[in-house]
>>> print(open('structure.pdb').read())   # PDB, C-alpha atoms
ATOM      1  CA  MET P  16       0.000   0.000   0.000
ATOM      2  CA  SER P  17       1.427   3.377  -0.959
ATOM      3  CA  LYS P  18       1.787   6.050   1.671
ATOM      4  CA  LYS P  19      -0.484   9.085   1.611
ATOM      5  CA  LYS P  20       1.337  12.393   1.731
ATOM      6  CA  ILE P  21       0.250  14.681   4.570
ATOM      7  CA  LEU P  22       1.456  18.279   4.946
ATOM      8  CA  VAL P  23       1.234  19.614   8.507
ATOM      9  CA  VAL P  24       1.343  23.417   8.827
ATOM     10  CA  ASP P  25       1.586  24.701  12.400
ATOM     11  CA  ASP P  26       3.813  27.324  14.009
ATOM     12  CA  GLU P  27       4.581  25.065  16.997
ATOM     13  CA  GLU P  28       7.631  23.116  15.815
ATOM     14  CA  LYS P  29       7.637  20.600  18.695
ATOM     15  CA  PHE P  30       3.967  19.852  18.064
ATOM     16  CA  CYS P  31       4.663  19.350  14.342
ATOM     17  CA  LYS P  32       7.519  16.937  15.035
ATOM     18  CA  MET P  33       5.418  14.971  17.508
ATOM     19  CA  LEU P  34       2.520  14.804  15.048
ATOM     20  CA  LYS P  35       4.835  13.712  12.223
ATOM     21  CA  ALA P  36       6.367  10.951  14.351
ATOM     22  CA  ASN P  37       2.972   9.686  15.532
ATOM     23  CA  LEU P  38       1.328   9.741  12.109
ATOM     24  CA  GLU P  39       4.247   8.018  10.381
ATOM     25  CA  LYS P  40       4.424   5.386  13.129
ATOM     26  CA  GLU P  41       0.698   4.642  13.282
ATOM     27  CA  GLY P  42      -0.510   5.181   9.731
ATOM     28  CA  PRO P  43       0.491   4.739   6.110
ATOM     29  CA  TYR P  44       1.682   8.348   5.817
ATOM     30  CA  GLU P  45       4.636  10.347   4.625
ATOM     31  CA  VAL P  46       4.503  13.611   6.570
ATOM     32  CA  GLN P  47       6.121  16.940   5.699
ATOM     33  CA  ILE P  48       6.004  19.760   8.236
ATOM     34  CA  GLU P  49       6.051  23.531   7.767
ATOM     35  CA  THR P  50       6.057  26.013  10.642
ATOM     36  CA  LYS P  51       5.238  29.146   8.662
ATOM     37  CA  GLY P  52       1.784  29.708   7.215
ATOM     38  CA  ALA P  53       3.291  32.033   4.609
ATOM     39  CA  GLN P  54       5.323  29.103   3.229
ATOM     40  CA  ALA P  55       2.408  26.639   3.070
ATOM     41  CA  LEU P  56       1.621  27.268  -0.602
ATOM     42  CA  ALA P  57       5.243  26.958  -1.752
ATOM     43  CA  VAL P  58       5.795  23.765   0.255
ATOM     44  CA  ALA P  59       2.508  22.263  -0.954
ATOM     45  CA  LYS P  60       3.462  22.947  -4.584
ATOM     46  CA  VAL P  61       6.685  20.973  -4.168
ATOM     47  CA  PHE P  62       5.424  18.219  -1.825
ATOM     48  CA  GLN P  63       2.066  17.651  -3.614
ATOM     49  CA  PRO P  64       0.241  16.367  -0.513
ATOM     50  CA  ASP P  65      -2.862  14.198  -0.516
ATOM     51  CA  LEU P  66      -4.170  16.197   2.462
ATOM     52  CA  ILE P  67      -3.124  19.261   4.480
ATOM     53  CA  VAL P  68      -3.546  19.557   8.257
ATOM     54  CA  MET P  69      -3.318  23.228   9.201
ATOM     55  CA  ASP P  70      -3.456  25.340  12.336
ATOM     56  CA  ILE P  71      -5.655  28.429  12.110
ATOM     57  CA  LEU P  72      -3.748  30.835  14.331
ATOM     58  CA  MET P  73      -0.182  31.416  13.132
ATOM     59  CA  PRO P  74       1.833  34.615  13.539
ATOM     60  CA  ASP P  75       2.909  35.229   9.941
ATOM     61  CA  LEU P  76      -0.128  34.097   7.932
ATOM     62  CA  GLY P  77      -3.230  32.488   9.407
ATOM     63  CA  GLY P  78      -4.485  29.111   8.307
ATOM     64  CA  CYS P  79      -7.645  30.496   6.700
ATOM     65  CA  GLU P  80      -5.580  32.812   4.491
ATOM     66  CA  ALA P  81      -3.052  30.077   3.674
ATOM     67  CA  ALA P  82      -5.913  27.692   2.806
ATOM     68  CA  PHE P  83      -7.419  30.355   0.526
ATOM     69  CA  GLN P  84      -4.085  30.682  -1.341
ATOM     70  CA  ILE P  85      -3.768  26.913  -1.706
ATOM     71  CA  LYS P  86      -7.360  26.474  -2.908
ATOM     72  CA  ASN P  87      -6.818  29.162  -5.546
ATOM     73  CA  ASP P  88      -3.820  27.323  -6.997
ATOM     74  CA  GLU P  89      -4.911  25.291 -10.029
ATOM     75  CA  LYS P  90      -2.740  22.265  -9.141
ATOM     76  CA  LEU P  91      -3.693  22.197  -5.442
ATOM     77  CA  LYS P  92      -7.360  23.179  -5.472
ATOM     78  CA  ASN P  93      -8.532  19.578  -4.989
ATOM     79  CA  VAL P  94      -6.291  18.829  -2.006
ATOM     80  CA  PRO P  95      -8.432  18.502   1.130
ATOM     81  CA  ILE P  96      -7.494  20.856   3.974
ATOM     82  CA  ILE P  97      -8.486  20.193   7.562
ATOM     83  CA  PHE P  98      -7.888  22.546  10.441
ATOM     84  CA  LEU P  99      -6.396  21.381  13.728
ATOM     85  CA  THR P 100      -6.930  24.319  16.057
ATOM     86  CA  ALA P 101      -6.694  25.337  19.687
ATOM     87  CA  LEU P 102      -9.301  28.029  18.961
ATOM     88  CA  ALA P 103     -12.043  25.444  19.394
ATOM     89  CA  LYS P 104     -12.776  22.872  22.036
ATOM     90  CA  LYS P 105     -14.115  19.384  21.359
ATOM     91  CA  LYS P 106     -17.673  20.512  22.249
ATOM     92  CA  ASP P 107     -17.368  23.291  19.605
ATOM     93  CA  GLN P 108     -16.959  20.609  16.930
ATOM     94  CA  GLU P 109     -20.497  19.443  17.620
ATOM     95  CA  LEU P 110     -21.838  22.987  17.986
ATOM     96  CA  PHE P 111     -20.422  24.156  14.639
ATOM     97  CA  GLY P 112     -20.885  20.861  12.815
ATOM     98  CA  GLY P 113     -17.115  20.392  12.588
ATOM     99  CA  ILE P 114     -16.751  23.209  10.024
ATOM    100  CA  VAL P 115     -14.819  26.482  10.292
ATOM    101  CA  ASP P 116     -14.246  28.791   7.321
ATOM    102  CA  GLY P 117     -15.903  26.163   5.136
ATOM    103  CA  ARG P 118     -13.375  23.473   6.100
ATOM    104  CA  PRO P 119     -13.555  20.515   8.473
ATOM    105  CA  PHE P 120     -11.789  21.034  11.795
ATOM    106  CA  ILE P 121     -10.788  19.071  14.829
ATOM    107  CA  ALA P 122      -9.997  20.641  18.181
ATOM    108  CA  LYS P 123      -6.311  20.710  19.019
ATOM    109  CA  PRO P 124      -5.996  19.446  22.571
ATOM    110  CA  VAL P 125      -4.145  21.552  25.097
ATOM    111  CA  ILE P 126      -0.735  20.390  26.293
ATOM    112  CA  ALA P 127      -2.261  18.645  29.318
ATOM    113  CA  LYS P 128      -4.285  16.431  26.938
ATOM    114  CA  PRO P 129      -2.071  15.261  24.072
ATOM    115  CA  VAL P 130      -3.518  14.582  20.644
ATOM    116  CA  LYS P 131      -5.034  11.139  20.362
ATOM    117  CA  THR P 132      -3.366   9.831  17.249
ATOM    118  CA  LYS P 133      -6.144   7.332  16.536
ATOM    119  CA  ASP P 134      -8.735  10.143  16.544
ATOM    120  CA  LEU P 135      -6.639  12.281  14.227
ATOM    121  CA  ILE P 136      -5.995   9.362  11.860
ATOM    122  CA  LYS P 137      -9.735   8.632  11.747
ATOM    123  CA  PHE P 138     -10.398  12.305  10.923
ATOM    124  CA  ILE P 139      -7.664  12.328   8.265
ATOM    125  CA  GLU P 140      -9.026   9.163   6.642
ATOM    126  CA  GLU P 141     -12.574  10.546   6.632
ATOM    127  CA  ASN P 142     -11.376  13.658   4.820
ATOM    128  CA  LEU P 143      -8.853  12.088   2.432
ATOM    129  CA  ASN P 144     -11.581  10.680   0.257
ATOM    130  CA  LYS P 145     -14.186  13.446   0.464
ATOM    131  CA  PRO P 146     -14.782  15.488  -2.652
ATOM    132  CA  VAL P 147     -13.428  18.996  -2.293
ATOM    133  CA  ASP P 148     -15.845  21.885  -2.751
ATOM    134  CA  ALA P 149     -14.910  25.148  -4.456
ATOM    135  CA  ALA P 150     -12.653  27.458  -2.481
ATOM    136  CA  PRO P 151     -14.547  29.524   0.080
ATOM    137  CA  SER P 152     -14.173  33.257  -0.271
ATOM    138  CA  ALA P 153     -11.649  34.966   1.998
TER     139      ALA P 153
END
>>> encode(input="structure.pdb", output="structure tokens")
Amino acid sequence: MSKKKILVVDDEEKFCKMLKANLEKEGPYEVQIETKGAQALAVAKVFQPDLIVMDILMPDLGGCEAAFQIKNDEKLKNVPIIFLTALAKKKDQELFGGIVDGRPFIAKPVIAKPVKTKDLIKFIEENLNKPVDAAPSA
């Protein structure tokens, strides 16, 4: 089985490295990390991911803006993007139907509660095969 390529974009480098290690250990994934939202488009063009996991709040360029750039690129417009964000709690997922800025999201657990890799893998798998809608407006 070939590995799916996942691009993780989050300004917390330690979190990215932990996520990369967990995803590559537990799932059939090749993971590339980027810690600057402003570089997400350039990295995605080179890496050609099957799915992008992106934080929303980043200091240089937010995830919503980075997602907008990616979705407006002809070669990347069909790549699913999911948000992994500390802006929302698990209960917010139910309240907002798991959608923020027109994209699926999963709550990023606080440091005291590490990410459950199995839950993230399930969310990734659910979104890898979903058809991608047109880019939402910025």
>>> closest_residue(input="structure.pdb", among="P:Ala59, P:Ala53, P:Leu34, P:Val94", to="Leu135 of chain P", atoms="only C-alpha atoms")
P:Leu34
>>> residues_around(input="structure.pdb", residues="Leu56 of chain P", least_positions_apart="5", cutoff="10 Å", atoms="all atoms listed in the file", output="list in words")
Val61, Phe62, Ala81, Ala82, Phe83, Gln84, Ile85, Lys86, Asn87, Asp88 and Leu91 of chain P
>>> write_last_selection(input="structure.pdb", atoms="C-alpha atoms", output="short mmCIF file (atom, residue, chain, number, x, y, z; two decimals), in the coordinates of the input")
data_model
loop_
_atom_site.label_atom_id
_atom_site.label_comp_id
_atom_site.auth_asym_id
_atom_site.auth_seq_id
_atom_site.Cartn_x
_atom_site.Cartn_y
_atom_site.Cartn_z
CA VAL P 61 6.68 20.97 -4.17
CA PHE P 62 5.42 18.22 -1.82
CA ALA P 81 -3.05 30.08 3.67
CA ALA P 82 -5.91 27.69 2.81
CA PHE P 83 -7.42 30.36 0.53
CA GLN P 84 -4.08 30.68 -1.34
CA ILE P 85 -3.77 26.91 -1.71
CA LYS P 86 -7.36 26.47 -2.91
CA ASN P 87 -6.82 29.16 -5.55
CA ASP P 88 -3.82 27.32 -7.00
CA LEU P 91 -3.69 22.20 -5.44
#
>>> resolve_selection(input="structure.pdb", expression="the PyMOL selection byres ((chain P and resi 66-79) around 6)", output="list of chain:residue names")
P:Ile21, P:Leu22, P:Val23, P:Val24, P:Asp25, P:Asp26, P:Gly52, P:Ala53, P:Pro64, P:Asp65, P:Glu80, P:Ala81, P:Ala82, P:Val94, P:Pro95, P:Ile96, P:Ile97, P:Phe98, P:Leu99, P:Thr100
>>> atom_distance(input="structure.pdb", atom1="atom CA of Ala36 of chain P", atom2="atom CA of Thr132 of chain P")
10.2 Å
>>> atom_distance(input="structure.pdb", atom1="atom CA of Lys19 of chain P", atom2="atom CA of Leu38 of chain P")
10.7 Å
>>> atom_distance(input="structure.pdb", atom1="atom CA of Cys31 of chain P", atom2="atom CA of Pro43 of chain P")
17.3 Å
>>> closest_residue(input="structure.pdb", among="P:Glu89, P:Glu39, P:Glu45, P:Glu140", to="Lys20 of chain P", atoms="only C-alpha atoms")
P:Glu45
>>> residues_around(input="structure.pdb", residues="Lys133 of chain P", least_positions_apart="5", cutoff="10 Å", atoms="all atoms listed in the file", output="PyMOL selection string")
chain P and resi 37-38+41-42+138-139
